[in-house]
>>> print(open('my_file06.csv').read())   # CSV, N, CA and C atoms
chain,number,residue,atom,x,y,z
A,1,ALA,N,97.3,102.7,89.9
A,1,ALA,CA,96.8,104.0,90.3
A,1,ALA,C,96.7,104.9,89.0
A,2,PRO,N,95.7,105.8,89.0
A,2,PRO,CA,95.5,106.6,87.8
A,2,PRO,C,96.8,107.4,87.4
A,3,GLU,N,97.5,107.9,88.4
A,3,GLU,CA,98.7,108.7,88.1
A,3,GLU,C,99.8,107.9,87.5
A,4,TYR,N,99.8,106.6,87.9
A,4,TYR,CA,100.8,105.7,87.3
A,4,TYR,C,100.4,105.4,85.8
A,5,ILE,N,99.2,105.2,85.5
A,5,ILE,CA,98.7,104.9,84.2
A,5,ILE,C,99.0,106.2,83.3
A,6,LEU,N,98.8,107.4,83.9
A,6,LEU,CA,98.9,108.6,83.1
A,6,LEU,C,100.3,109.1,83.0
A,7,THR,N,101.2,108.9,84.0
A,7,THR,CA,102.5,109.5,84.0
A,7,THR,C,103.6,108.5,84.4
A,8,SER,N,103.3,107.3,84.7
A,8,SER,CA,104.3,106.3,85.2
A,8,SER,C,105.0,106.7,86.4
A,9,SER,N,104.3,107.6,87.2
A,9,SER,CA,104.8,108.1,88.5
A,9,SER,C,104.2,107.3,89.6
A,10,MET,N,105.0,106.7,90.5
A,10,MET,CA,104.5,106.0,91.7
A,10,MET,C,104.9,106.8,92.9
A,11,THR,N,104.0,106.9,93.8
A,11,THR,CA,104.2,107.6,95.1
A,11,THR,C,103.5,106.8,96.2
A,12,SER,N,103.7,107.2,97.4
A,12,SER,CA,103.0,106.5,98.5
A,12,SER,C,101.5,106.7,98.4
A,13,SER,N,101.0,107.7,97.7
A,13,SER,CA,99.6,107.9,97.4
A,13,SER,C,99.1,106.8,96.4
A,14,SER,N,100.0,106.4,95.5
A,14,SER,CA,99.7,105.4,94.6
A,14,SER,C,99.5,104.1,95.3
A,15,ASP,N,100.3,103.9,96.4
A,15,ASP,CA,100.2,102.7,97.2
A,15,ASP,C,98.9,102.6,97.9
A,16,ILE,N,98.4,103.8,98.3
A,16,ILE,CA,97.1,103.8,98.9
A,16,ILE,C,96.0,103.4,97.9
A,17,TRP,N,96.1,103.9,96.7
A,17,TRP,CA,95.2,103.5,95.6
A,17,TRP,C,95.2,102.0,95.5
A,18,CYS,N,96.4,101.4,95.5
A,18,CYS,CA,96.6,100.0,95.3
A,18,CYS,C,95.9,99.2,96.5
A,19,LEU,N,96.1,99.7,97.7
A,19,LEU,CA,95.4,99.1,98.8
A,19,LEU,C,93.9,99.1,98.7
A,20,GLY,N,93.3,100.2,98.2
A,20,GLY,CA,91.9,100.3,98.0
A,20,GLY,C,91.5,99.3,96.9
A,21,ALA,N,92.3,99.2,95.8
A,21,ALA,CA,92.0,98.3,94.7
A,21,ALA,C,92.1,96.9,95.2
A,22,LEU,N,93.0,96.6,96.0
A,22,LEU,CA,93.2,95.2,96.5
A,22,LEU,C,92.0,94.9,97.4
A,23,ALA,N,91.6,95.8,98.3
A,23,ALA,CA,90.4,95.5,99.2
A,23,ALA,C,89.2,95.3,98.3
A,24,MET,N,89.1,96.1,97.2
A,24,MET,CA,87.9,95.9,96.3
A,24,MET,C,88.0,94.6,95.6
A,25,GLU,N,89.2,94.2,95.2
A,25,GLU,CA,89.3,92.9,94.6
A,25,GLU,C,89.0,91.7,95.5
A,26,CYS,N,89.4,91.8,96.8
A,26,CYS,CA,89.1,90.8,97.8
A,26,CYS,C,87.6,90.7,98.0
A,27,ALA,N,86.9,91.9,97.9
A,27,ALA,CA,85.5,91.9,98.2
A,27,ALA,C,84.7,91.4,97.0
A,28,GLU,N,85.1,91.7,95.8
A,28,GLU,CA,84.3,91.4,94.6
A,28,GLU,C,85.0,90.5,93.6
A,29,ASN,N,86.2,90.0,93.9
A,29,ASN,CA,86.9,89.1,93.0
A,29,ASN,C,87.3,89.8,91.7
A,30,ASN,N,87.3,91.1,91.6
A,30,ASN,CA,87.7,91.9,90.4
A,30,ASN,C,88.3,93.2,90.8
A,31,LEU,N,89.3,93.6,90.1
A,31,LEU,CA,89.9,94.9,90.3
A,31,LEU,C,88.9,96.0,89.7
A,32,PRO,N,89.1,97.2,90.2
A,32,PRO,CA,88.3,98.3,89.7
A,32,PRO,C,88.5,98.4,88.2
A,33,HIS,N,87.5,98.6,87.4
A,33,HIS,CA,87.5,98.8,86.0
A,33,HIS,C,88.1,97.6,85.2
A,34,CYS,N,88.0,96.4,85.8
A,34,CYS,CA,88.6,95.2,85.2
A,34,CYS,C,88.0,94.9,83.8
A,35,GLU,N,86.7,95.4,83.6
A,35,GLU,CA,86.0,95.1,82.4
A,35,GLU,C,86.6,96.0,81.2
A,36,LEU,N,87.4,97.0,81.5
A,36,LEU,CA,87.9,97.9,80.5
A,36,LEU,C,89.3,97.4,80.0
A,37,HIS,N,89.5,97.6,78.7
A,37,HIS,CA,90.9,97.3,78.1
A,37,HIS,C,91.8,98.3,78.8
A,38,PRO,N,93.1,97.9,79.1
A,38,PRO,CA,94.0,98.8,79.8
A,38,PRO,C,94.2,100.1,79.1
A,39,ALA,N,94.2,100.1,77.7
A,39,ALA,CA,94.4,101.4,77.0
A,39,ALA,C,93.2,102.3,77.2
A,40,ARG,N,92.1,101.8,77.5
A,40,ARG,CA,90.9,102.6,77.7
A,40,ARG,C,91.0,103.3,79.1
A,41,LEU,N,91.7,102.8,80.0
A,41,LEU,CA,91.8,103.4,81.3
A,41,LEU,C,92.4,104.8,81.2
A,42,ILE,N,93.3,105.0,80.3
A,42,ILE,CA,93.9,106.3,80.1
A,42,ILE,C,92.8,107.4,79.9
A,43,PHE,N,91.8,107.1,79.1
A,43,PHE,CA,90.7,108.0,78.9
A,43,PHE,C,89.8,108.1,80.1
A,44,VAL,N,89.6,107.0,80.8
A,44,VAL,CA,88.7,107.1,82.0
A,44,VAL,C,89.4,108.0,83.0
A,45,TYR,N,90.7,107.8,83.3
A,45,TYR,CA,91.3,108.5,84.3
A,45,TYR,C,91.6,110.0,84.0
A,46,LYS,N,91.6,110.3,82.7
A,46,LYS,CA,91.9,111.7,82.3
A,46,LYS,C,90.6,112.5,82.4
A,47,ASN,N,89.5,111.9,82.5
A,47,ASN,CA,88.2,112.6,82.6
A,47,ASN,C,87.8,112.9,84.0
A,48,PRO,N,88.0,114.1,84.5
A,48,PRO,CA,87.7,114.4,85.9
A,48,PRO,C,86.3,114.3,86.3
A,49,ASN,N,85.4,114.3,85.2
A,49,ASN,CA,83.9,114.2,85.5
A,49,ASN,C,83.4,112.8,85.8
A,50,LEU,N,84.2,111.8,85.5
A,50,LEU,CA,83.8,110.5,85.8
A,50,LEU,C,84.1,110.1,87.3
A,51,PRO,N,83.1,109.4,87.9
A,51,PRO,CA,83.3,109.1,89.3
A,51,PRO,C,84.4,108.0,89.5
A,52,PRO,N,85.1,107.9,90.6
A,52,PRO,CA,86.0,106.9,90.9
A,52,PRO,C,85.3,105.5,91.0
A,53,PRO,N,86.0,104.4,91.0
A,53,PRO,CA,85.4,103.1,91.1
A,53,PRO,C,84.7,103.0,92.5
A,54,ARG,N,83.6,102.2,92.4
A,54,ARG,CA,82.9,101.9,93.6
A,54,ARG,C,82.5,100.4,93.7
A,55,LEU,N,82.2,99.9,94.8
A,55,LEU,CA,81.7,98.5,94.9
A,55,LEU,C,80.4,98.4,94.2
A,56,LYS,N,80.3,97.3,93.5
A,56,LYS,CA,79.0,97.1,92.7
A,56,LYS,C,77.8,96.9,93.6
A,57,LYS,N,78.0,96.2,94.7
A,57,LYS,CA,76.9,96.0,95.6
A,57,LYS,C,77.3,96.5,97.0
A,58,PRO,N,77.4,97.9,97.2
A,58,PRO,CA,77.9,98.4,98.5
A,58,PRO,C,77.0,98.0,99.7
A,59,GLU,N,75.8,97.6,99.5
A,59,GLU,CA,74.9,97.2,100.6
A,59,GLU,C,75.4,95.9,101.2
A,60,LYS,N,76.2,95.1,100.5
A,60,LYS,CA,76.7,93.9,101.1
A,60,LYS,C,77.8,94.1,102.1
A,61,PHE,N,78.3,95.3,102.2
A,61,PHE,CA,79.5,95.6,103.0
A,61,PHE,C,79.2,96.7,104.0
A,62,SER,N,80.0,96.7,105.0
A,62,SER,CA,79.8,97.7,106.1
A,62,SER,C,80.0,99.2,105.6
A,63,LYS,N,79.4,100.1,106.3
A,63,LYS,CA,79.6,101.5,106.0
A,63,LYS,C,81.1,101.9,106.1
A,64,GLU,N,81.8,101.3,107.1
A,64,GLU,CA,83.2,101.6,107.2
A,64,GLU,C,84.0,101.1,106.1
A,65,PHE,N,83.7,99.9,105.6
A,65,PHE,CA,84.4,99.3,104.4
A,65,PHE,C,84.2,100.2,103.2
A,66,ASN,N,82.9,100.5,102.9
A,66,ASN,CA,82.6,101.4,101.8
A,66,ASN,C,83.4,102.7,101.9
A,67,ASP,N,83.4,103.3,103.0
A,67,ASP,CA,84.1,104.6,103.2
A,67,ASP,C,85.6,104.4,103.0
A,68,PHE,N,86.2,103.3,103.5
A,68,PHE,CA,87.6,103.0,103.3
A,68,PHE,C,87.9,102.9,101.8
A,69,ILE,N,87.1,102.2,101.1
A,69,ILE,CA,87.3,102.0,99.6
A,69,ILE,C,87.3,103.4,99.0
A,70,GLU,N,86.2,104.2,99.3
A,70,GLU,CA,86.0,105.5,98.7
A,70,GLU,C,87.2,106.4,99.0
A,71,LEU,N,87.8,106.4,100.2
A,71,LEU,CA,88.9,107.2,100.5
A,71,LEU,C,90.2,106.8,99.7
A,72,CYS,N,90.4,105.5,99.6
A,72,CYS,CA,91.6,105.0,98.9
A,72,CYS,C,91.5,105.2,97.4
A,73,LEU,N,90.3,105.2,96.9
A,73,LEU,CA,90.2,105.3,95.4
A,73,LEU,C,89.8,106.7,94.9
A,74,LYS,N,90.3,107.7,95.6
A,74,LYS,CA,90.1,109.0,95.1
A,74,LYS,C,90.9,109.2,93.9
A,75,LEU,N,90.4,109.8,92.8
A,75,LEU,CA,91.1,109.9,91.6
A,75,LEU,C,92.3,110.8,91.7
A,76,ASP,N,92.1,111.9,92.5
A,76,ASP,CA,93.2,112.9,92.7
A,76,ASP,C,94.1,112.4,93.8
A,77,PRO,N,95.4,112.1,93.6
A,77,PRO,CA,96.2,111.5,94.7
A,77,PRO,C,96.4,112.5,95.8
A,78,LYS,N,96.2,113.8,95.6
A,78,LYS,CA,96.3,114.7,96.7
A,78,LYS,C,95.2,114.6,97.7
A,79,GLU,N,94.0,114.0,97.3
A,79,GLU,CA,92.9,113.9,98.1
A,79,GLU,C,92.9,112.6,98.9
A,80,ARG,N,93.7,111.7,98.6
A,80,ARG,CA,93.8,110.4,99.3
A,80,ARG,C,94.5,110.6,100.7
A,81,PRO,N,94.0,109.8,101.7
A,81,PRO,CA,94.7,109.9,103.0
A,81,PRO,C,96.0,109.2,102.9
A,82,ASN,N,96.9,109.6,103.8
A,82,ASN,CA,98.2,108.9,103.9
A,82,ASN,C,98.0,107.6,104.8
A,83,ALA,N,99.0,106.8,104.9
A,83,ALA,CA,98.9,105.6,105.6
A,83,ALA,C,98.6,105.8,107.1
A,84,GLY,N,99.2,106.9,107.7
A,84,GLY,CA,98.9,107.2,109.1
A,84,GLY,C,97.5,107.5,109.3
A,85,GLU,N,96.9,108.3,108.4
A,85,GLU,CA,95.5,108.6,108.5
A,85,GLU,C,94.6,107.3,108.4
A,86,LEU,N,95.0,106.5,107.4
A,86,LEU,CA,94.2,105.2,107.2
A,86,LEU,C,94.2,104.3,108.4
A,87,LEU,N,95.4,104.3,109.2
A,87,LEU,CA,95.5,103.5,110.4
A,87,LEU,C,94.4,103.9,111.4
A,88,LYS,N,94.0,105.1,111.4
A,88,LYS,CA,93.0,105.7,112.3
A,88,LYS,C,91.6,105.5,111.8
A,89,HIS,N,91.4,105.0,110.6
A,89,HIS,CA,90.1,104.8,110.0
A,89,HIS,C,89.3,103.7,110.8
A,90,PRO,N,88.0,103.9,111.0
A,90,PRO,CA,87.2,102.9,111.7
A,90,PRO,C,87.3,101.5,111.1
A,91,PHE,N,87.4,101.4,109.8
A,91,PHE,CA,87.5,100.0,109.2
A,91,PHE,C,88.7,99.3,109.7
A,92,ILE,N,89.8,100.0,109.7
A,92,ILE,CA,91.1,99.4,110.2
A,92,ILE,C,91.1,99.2,111.7
A,93,ARG,N,90.6,100.2,112.4
A,93,ARG,CA,90.6,100.1,113.9
A,93,ARG,C,89.7,98.9,114.3
A,94,LYS,N,88.6,98.6,113.6
A,94,LYS,CA,87.8,97.5,114.0
A,94,LYS,C,88.4,96.1,113.5
A,95,ALA,N,89.3,96.2,112.5
A,95,ALA,CA,89.8,95.0,111.9
A,95,ALA,C,90.7,94.2,112.8
A,96,CYS,N,91.6,94.9,113.6
A,96,CYS,CA,92.5,94.3,114.5
A,96,CYS,C,93.0,95.2,115.5
A,97,THR,N,93.6,94.6,116.5
A,97,THR,CA,94.2,95.5,117.6
A,97,THR,C,95.5,96.0,117.2
A,98,LYS,N,96.0,97.0,117.9
A,98,LYS,CA,97.4,97.5,117.7
A,98,LYS,C,98.4,96.5,117.8
A,99,LEU,N,98.3,95.6,118.8
A,99,LEU,CA,99.2,94.5,119.0
A,99,LEU,C,99.3,93.6,117.7
A,100,HIS,N,98.1,93.2,117.2
A,100,HIS,CA,98.0,92.4,116.1
A,100,HIS,C,98.7,93.1,114.9
A,101,LEU,N,98.4,94.3,114.7
A,101,LEU,CA,99.1,95.1,113.6
A,101,LEU,C,100.6,95.1,113.7
A,102,ALA,N,101.0,95.4,115.0
A,102,ALA,CA,102.5,95.4,115.2
A,102,ALA,C,103.1,94.1,114.9
A,103,GLN,N,102.4,93.0,115.3
A,103,GLN,CA,103.0,91.7,115.0
A,103,GLN,C,103.1,91.4,113.4
A,104,LEU,N,102.0,91.9,112.7
A,104,LEU,CA,102.1,91.7,111.3
A,104,LEU,C,103.2,92.5,110.6
A,105,LEU,N,103.4,93.7,111.1
A,105,LEU,CA,104.5,94.5,110.6
A,105,LEU,C,105.9,93.9,111.0
A,106,PHE,N,106.0,93.4,112.1
A,106,PHE,CA,107.2,92.7,112.6
A,106,PHE,C,107.5,91.5,111.7
A,107,MET,N,106.5,90.7,111.4
A,107,MET,CA,106.6,89.5,110.6
A,107,MET,C,107.0,89.9,109.1
A,108,HIS,N,106.4,91.0,108.7
A,108,HIS,CA,106.8,91.5,107.3
A,108,HIS,C,108.3,91.9,107.2
A,109,LYS,N,108.8,92.5,108.3
A,109,LYS,CA,110.2,92.9,108.3
A,109,LYS,C,111.1,91.7,108.3
A,110,LEU,N,110.7,90.7,109.1
A,110,LEU,CA,111.5,89.5,109.1
A,110,LEU,C,111.5,88.8,107.8
A,111,ILE,N,110.4,88.7,107.1
A,111,ILE,CA,110.3,88.1,105.8
A,111,ILE,C,111.2,88.8,104.8
A,112,LYS,N,111.1,90.2,104.9
A,112,LYS,CA,111.9,91.0,103.9
A,112,LYS,C,113.4,90.8,104.0
A,113,LYS,N,113.9,90.4,105.1
A,113,LYS,CA,115.4,90.3,105.3
A,113,LYS,C,115.9,89.2,104.5
>>> encode(input="my_file06.csv", output="structure tokens")
Amino acid sequence: APEYILTSSMTSSSDIWCLGALAMECAENNLPHCELHPARLIFVYKNPNLPPPRLKKPEKFSKEFNDFIELCLKLDPKERPNAGELLKHPFIRKACTKLHLAQLLFMHKLIKK
């Protein structure tokens, strides 16, 4: 997340960025800005005039997926939705039922123990 690169500060909003980056990696087999040297990212994320990362070929993906990525990868962490808001997003709502999501969360808790 940009805020982690700039300040080494991680928050739940940073996790939302990571979720968007992971979704982008799954779609394109690359993380956002993977072509840049890590030291260069500091300058990219410090410049508020640069746009956040986007899918290289957005037309290959649904409108909902593109919107999900855009929301998660907002440069300003205050502008990113929280997890509860993302659970209501059309991309997530179409991805699985509430029961399926509850089962995944339950399995995650079992594995963590």
>>> atom_distance(input="my_file06.csv", atom1="atom CA of A:Gly20", atom2="atom CA of A:Leu73")
5.9 Å
>>> residues_near_point(input="my_file06.csv", point="(88.6, 105.3, 104.2)", cutoff="8 Å", atoms="only N, CA and C atoms", output="PyMOL selection string")
chain A and resi 64-73+81+85-86+89-92
>>> residues_around(input="my_file06.csv", residues="A:Ala21", least_positions_apart="5", cutoff="8 Å", atoms="only N, CA and C atoms", output="PyMOL selection string")
chain A and resi 15-16+26-27+30-32+69+72-73
>>> write_last_selection(input="my_file06.csv", atoms="N, CA and C atoms", output="mmCIF file, in the frame of the given file")
data_model
loop_
_atom_site.group_PDB
_atom_site.id
_atom_site.type_symbol
_atom_site.label_atom_id
_atom_site.label_comp_id
_atom_site.auth_asym_id
_atom_site.auth_seq_id
_atom_site.Cartn_x
_atom_site.Cartn_y
_atom_site.Cartn_z
ATOM 1 N N ASP A 15 100.300 103.900 96.400
ATOM 2 C CA ASP A 15 100.200 102.700 97.200
ATOM 3 C C ASP A 15 98.900 102.600 97.900
ATOM 4 N N ILE A 16 98.400 103.800 98.300
ATOM 5 C CA ILE A 16 97.100 103.800 98.900
ATOM 6 C C ILE A 16 96.000 103.400 97.900
ATOM 7 N N CYS A 26 89.400 91.800 96.800
ATOM 8 C CA CYS A 26 89.100 90.800 97.800
ATOM 9 C C CYS A 26 87.600 90.700 98.000
ATOM 10 N N ALA A 27 86.900 91.900 97.900
ATOM 11 C CA ALA A 27 85.500 91.900 98.200
ATOM 12 C C ALA A 27 84.700 91.400 97.000
ATOM 13 N N ASN A 30 87.300 91.100 91.600
ATOM 14 C CA ASN A 30 87.700 91.900 90.400
ATOM 15 C C ASN A 30 88.300 93.200 90.800
ATOM 16 N N LEU A 31 89.300 93.600 90.100
ATOM 17 C CA LEU A 31 89.900 94.900 90.300
ATOM 18 C C LEU A 31 88.900 96.000 89.700
ATOM 19 N N PRO A 32 89.100 97.200 90.200
ATOM 20 C CA PRO A 32 88.300 98.300 89.700
ATOM 21 C C PRO A 32 88.500 98.400 88.200
ATOM 22 N N ILE A 69 87.100 102.200 101.100
ATOM 23 C CA ILE A 69 87.300 102.000 99.600
ATOM 24 C C ILE A 69 87.300 103.400 99.000
ATOM 25 N N CYS A 72 90.400 105.500 99.600
ATOM 26 C CA CYS A 72 91.600 105.000 98.900
ATOM 27 C C CYS A 72 91.500 105.200 97.400
ATOM 28 N N LEU A 73 90.300 105.200 96.900
ATOM 29 C CA LEU A 73 90.200 105.300 95.400
ATOM 30 C C LEU A 73 89.800 106.700 94.900
#
>>> closest_residue(input="my_file06.csv", among="A:Arg80, A:Glu59, A:Glu35, A:Ile111", to="A:Trp17", atoms="only N, CA and C atoms")
A:Arg80
>>> atom_distance(input="my_file06.csv", atom1="atom CA of A:Leu36", atom2="atom C of A:Pro53")
13.4 Å
>>> atom_distance(input="my_file06.csv", atom1="atom CA of A:Glu79", atom2="atom CA of A:Thr11")
13.3 Å
>>> closest_residue(input="my_file06.csv", among="A:Gln103, A:Thr97, A:His108, A:Met24", to="A:Arg54", atoms="only N, CA and C atoms")
A:Met24
>>> closest_residue(input="my_file06.csv", among="A:Arg93, A:Met107, A:Lys57, A:Ala83", to="A:Ser12", atoms="only N, CA and C atoms")
A:Ala83
>>> closest_residue(input="my_file06.csv", among="A:Arg40, A:Lys56, A:Pro51, A:Asn82", to="A:Glu28", atoms="all atoms listed in the file")
A:Lys56
>>> build_atoms(input="my_file06.csv", residues="stretch 10-21 of chain A", atoms="all heavy atoms", output="JSON list (two decimals), keeping the file's coordinate frame")
[["chain", "number", "residue", "atom", "x", "y", "z"],
["A", 10, "MET", "N", 105.00, 106.70, 90.50],
["A", 10, "MET", "CA", 104.50, 106.00, 91.70],
["A", 10, "MET", "C", 104.90, 106.80, 92.90],
["A", 10, "MET", "O", 106.03, 107.21, 93.04],
["A", 10, "MET", "CB", 105.05, 104.60, 91.76],
["A", 10, "MET", "CG", 104.46, 103.62, 90.77],
["A", 10, "MET", "SD", 102.75, 103.20, 91.09],
["A", 10, "MET", "CE", 102.89, 102.14, 92.50],
["A", 11, "THR", "N", 104.00, 106.90, 93.80],
["A", 11, "THR", "CA", 104.20, 107.60, 95.10],
["A", 11, "THR", "C", 103.50, 106.80, 96.20],
["A", 11, "THR", "O", 102.87, 105.77, 95.94],
["A", 11, "THR", "CB", 103.62, 109.01, 95.13],
["A", 11, "THR", "OG1", 102.19, 108.91, 95.05],
["A", 11, "THR", "CG2", 104.16, 109.86, 93.98],
["A", 12, "SER", "N", 103.70, 107.20, 97.40],
["A", 12, "SER", "CA", 103.00, 106.50, 98.50],
["A", 12, "SER", "C", 101.50, 106.70, 98.40],
["A", 12, "SER", "O", 100.73, 105.77, 98.77],
["A", 12, "SER", "CB", 103.43, 107.07, 99.89],
["A", 12, "SER", "OG", 103.18, 108.45, 99.97],
["A", 13, "SER", "N", 101.00, 107.70, 97.70],
["A", 13, "SER", "CA", 99.60, 107.90, 97.40],
["A", 13, "SER", "C", 99.10, 106.80, 96.40],
["A", 13, "SER", "O", 98.02, 106.34, 96.50],
["A", 13, "SER", "CB", 99.33, 109.29, 96.92],
["A", 13, "SER", "OG", 97.95, 109.50, 96.81],
["A", 14, "SER", "N", 100.00, 106.40, 95.50],
["A", 14, "SER", "CA", 99.70, 105.40, 94.60],
["A", 14, "SER", "C", 99.50, 104.10, 95.30],
["A", 14, "SER", "O", 98.66, 103.23, 94.98],
["A", 14, "SER", "CB", 100.82, 105.19, 93.54],
["A", 14, "SER", "OG", 101.10, 106.40, 92.89],
["A", 15, "ASP", "N", 100.30, 103.90, 96.40],
["A", 15, "ASP", "CA", 100.20, 102.70, 97.20],
["A", 15, "ASP", "C", 98.90, 102.60, 97.90],
["A", 15, "ASP", "O", 98.27, 101.54, 98.06],
["A", 15, "ASP", "CB", 101.33, 102.59, 98.22],
["A", 15, "ASP", "CG", 102.69, 102.36, 97.59],
["A", 15, "ASP", "OD1", 102.76, 101.84, 96.45],
["A", 15, "ASP", "OD2", 103.69, 102.71, 98.24],
["A", 16, "ILE", "N", 98.40, 103.80, 98.30],
["A", 16, "ILE", "CA", 97.10, 103.80, 98.90],
["A", 16, "ILE", "C", 96.00, 103.40, 97.90],
["A", 16, "ILE", "O", 95.05, 102.68, 98.28],
["A", 16, "ILE", "CB", 96.78, 105.26, 99.51],
["A", 16, "ILE", "CG1", 97.81, 105.64, 100.58],
["A", 16, "ILE", "CG2", 95.34, 105.39, 100.03],
["A", 16, "ILE", "CD1", 97.88, 104.73, 101.78],
["A", 17, "TRP", "N", 96.10, 103.90, 96.70],
["A", 17, "TRP", "CA", 95.20, 103.50, 95.60],
["A", 17, "TRP", "C", 95.20, 102.00, 95.50],
["A", 17, "TRP", "O", 94.17, 101.31, 95.47],
["A", 17, "TRP", "CB", 95.49, 104.16, 94.31],
["A", 17, "TRP", "CG", 94.67, 103.61, 93.18],
["A", 17, "TRP", "CD1", 94.89, 102.45, 92.49],
["A", 17, "TRP", "CD2", 93.48, 104.17, 92.64],
["A", 17, "TRP", "NE1", 93.92, 102.27, 91.54],
["A", 17, "TRP", "CE2", 93.04, 103.30, 91.60],
["A", 17, "TRP", "CE3", 92.74, 105.32, 92.90],
["A", 17, "TRP", "CZ2", 91.90, 103.57, 90.85],
["A", 17, "TRP", "CZ3", 91.61, 105.58, 92.14],
["A", 17, "TRP", "CH2", 91.20, 104.71, 91.14],
["A", 18, "CYS", "N", 96.40, 101.40, 95.50],
["A", 18, "CYS", "CA", 96.60, 100.00, 95.30],
["A", 18, "CYS", "C", 95.90, 99.20, 96.50],
["A", 18, "CYS", "O", 95.35, 98.14, 96.26],
["A", 18, "CYS", "CB", 98.03, 99.61, 95.10],
["A", 18, "CYS", "SG", 98.71, 100.24, 93.56],
["A", 19, "LEU", "N", 96.10, 99.70, 97.70],
["A", 19, "LEU", "CA", 95.40, 99.10, 98.80],
["A", 19, "LEU", "C", 93.90, 99.10, 98.70],
["A", 19, "LEU", "O", 93.29, 98.06, 98.91],
["A", 19, "LEU", "CB", 95.83, 99.88, 100.10],
["A", 19, "LEU", "CG", 95.16, 99.42, 101.39],
["A", 19, "LEU", "CD1", 95.57, 98.00, 101.73],
["A", 19, "LEU", "CD2", 95.51, 100.38, 102.52],
["A", 20, "GLY", "N", 93.30, 100.20, 98.20],
["A", 20, "GLY", "CA", 91.90, 100.30, 98.00],
["A", 20, "GLY", "C", 91.50, 99.30, 96.90],
["A", 20, "GLY", "O", 90.46, 98.62, 97.01],
["A", 21, "ALA", "N", 92.30, 99.20, 95.80],
["A", 21, "ALA", "CA", 92.00, 98.30, 94.70],
["A", 21, "ALA", "C", 92.10, 96.90, 95.20],
["A", 21, "ALA", "O", 91.22, 96.03, 94.81],
["A", 21, "ALA", "CB", 92.91, 98.58, 93.55]]
